[in-house]
Amino acid sequence: MGVVSEEAINQFQALMDIVEEPLNRTFKNVHQEHPREALVRFLKAREGNVAKAHKMLVDCLKWRVQNEIDDILAPYIYGRISTFTMLQLSLSLYKLDTTIVATGKKPIVPADLYRAIRDSQLIGLPEYSKEGLPVFAIGVGLSTFDKASLHYYVQSHIQINEYRDRVVLPAATKKYGKLISKCVKVLDMTGLKLSALGYIKLLSIISTIDDLNYPEKTLTYYIVNAPYVFSACWKVVKPLLQERTRLKVQVLPGCGQDELLKIMDYSSLPHFCRKEGSGSSRHSGNSSYNCFSLDHPFHQQLYSYIKQQALIREPVAPIKQGSVHVDLPEAGVEGTEFAKILESKIQTFGNQDGLAEALDNLKSDNDRT
């Protein structure tokens, strides 16, 4: 949906004006002094339907309050550890069951654990587009998600989302003198194999969190370095996506450098989009060049910010280790059909690249804890 009517925005605003604390307080962290823009995002996510957009936003705010998302960038809050009961979440999307437990905010410590997460969940922010939008790079093909439990990766993902919305985007807005509320994402498929189905459960959780709580934050998804396995799957997946999502995805030839240079300078290109060195790398000799590295300026700033925010709050008990367990809303029926079709099509590719083993893992709940 392209344009949202003024009438719909005004009706939505009237509904939000009567929202009480603590929902109103967490809404401020969502809109960052631009409430109209936030309302438009949720309206677009629900095709302009005010009632559905209102329910979506209120559910999002409740999720934030219940899981203390406002504090996820300042996690040392031992004086009021949450006491939420255990929730059994049925992920009908992939016929998997997983238990998500809310236990209170804890930091990802020690530093070597955080580094291990960064090495296995490849994401970074190399620079900005010519229009001032943050360019997030994601190493889909070479992310292994095998150095920590599912909950650590979910926590890390939410922290990056919140840092983007509360720090990166407001700073870009100030720098460029105009509202910057979205980003672009460049997804590197280097090394992608059908065995990646083994961690599709985690990716479905992350995707659901983004769809329900951070809608319309990405302007365009650029897919680069796509192997045959992606191209084959994409032909099946593309018609199943909503038009609103489908229009955001661009599959670029090769490393995508020529097309990406139309929207960003060469210095802003992720390292895997530069022809002389395309392809993701976990370990680059130049840490400021490899945006996935913990030593890259973006990750250094993010980790320093979290530690600084923690120091603002005086801990009242010794530091405890452990991940944040986040309550996740149930995936929709629409996604169930999508998964069935995708799995069926992938099976036609035969037993290659560990496909049989990946499908076995997909159907069994073998989540690491």
# chains A, B, ... in the order shown; residues from 1 in each chain; ligands from 1
$ select_by_dssp --residues "stretch 152-227 of chain A" --states "alpha helix (DSSP H)" --output "count of residues only"
34
$ atom_distance --atom1 "atom CA of A:Val249" --atom2 "atom CA of A:Tyr128"
18.7 Å
$ closest_residue --among "A:Lys52, A:Ser181, A:Ser129, A:Gly191" --to "A:Met264" --atoms "only C-alpha atoms"
A:Ser129
$ residues_around --residues "A:Ser267" --least-positions-apart "2" --cutoff "8 Å" --atoms "only C-alpha atoms" --output "list of chain:residue names"
A:Glu127, A:Asp265, A:Leu269
$ write_last_selection --atoms "N, CA and C atoms" --output "compact mmCIF listing (two decimals), in the first residue's frame"
# COMPACT_ATOMS: atom_id res chain seq x y z
N GLU A 127 27.90 1.79 6.04
CA GLU A 127 27.78 3.24 5.81
C GLU A 127 26.32 3.59 5.52
N ASP A 265 27.63 5.56 -2.45
CA ASP A 265 29.00 5.72 -2.92
C ASP A 265 29.77 4.42 -2.75
N LEU A 269 29.71 0.75 0.10
CA LEU A 269 29.42 -0.62 -0.28
C LEU A 269 29.89 -1.60 0.80
$ residues_around --residues "A:Tyr305" --least-positions-apart "3" --cutoff "12 Å" --atoms "only C-alpha atoms" --output "ChimeraX atom specification"
/A:72-75,159-160,162-164,166-168,297-302,308-312
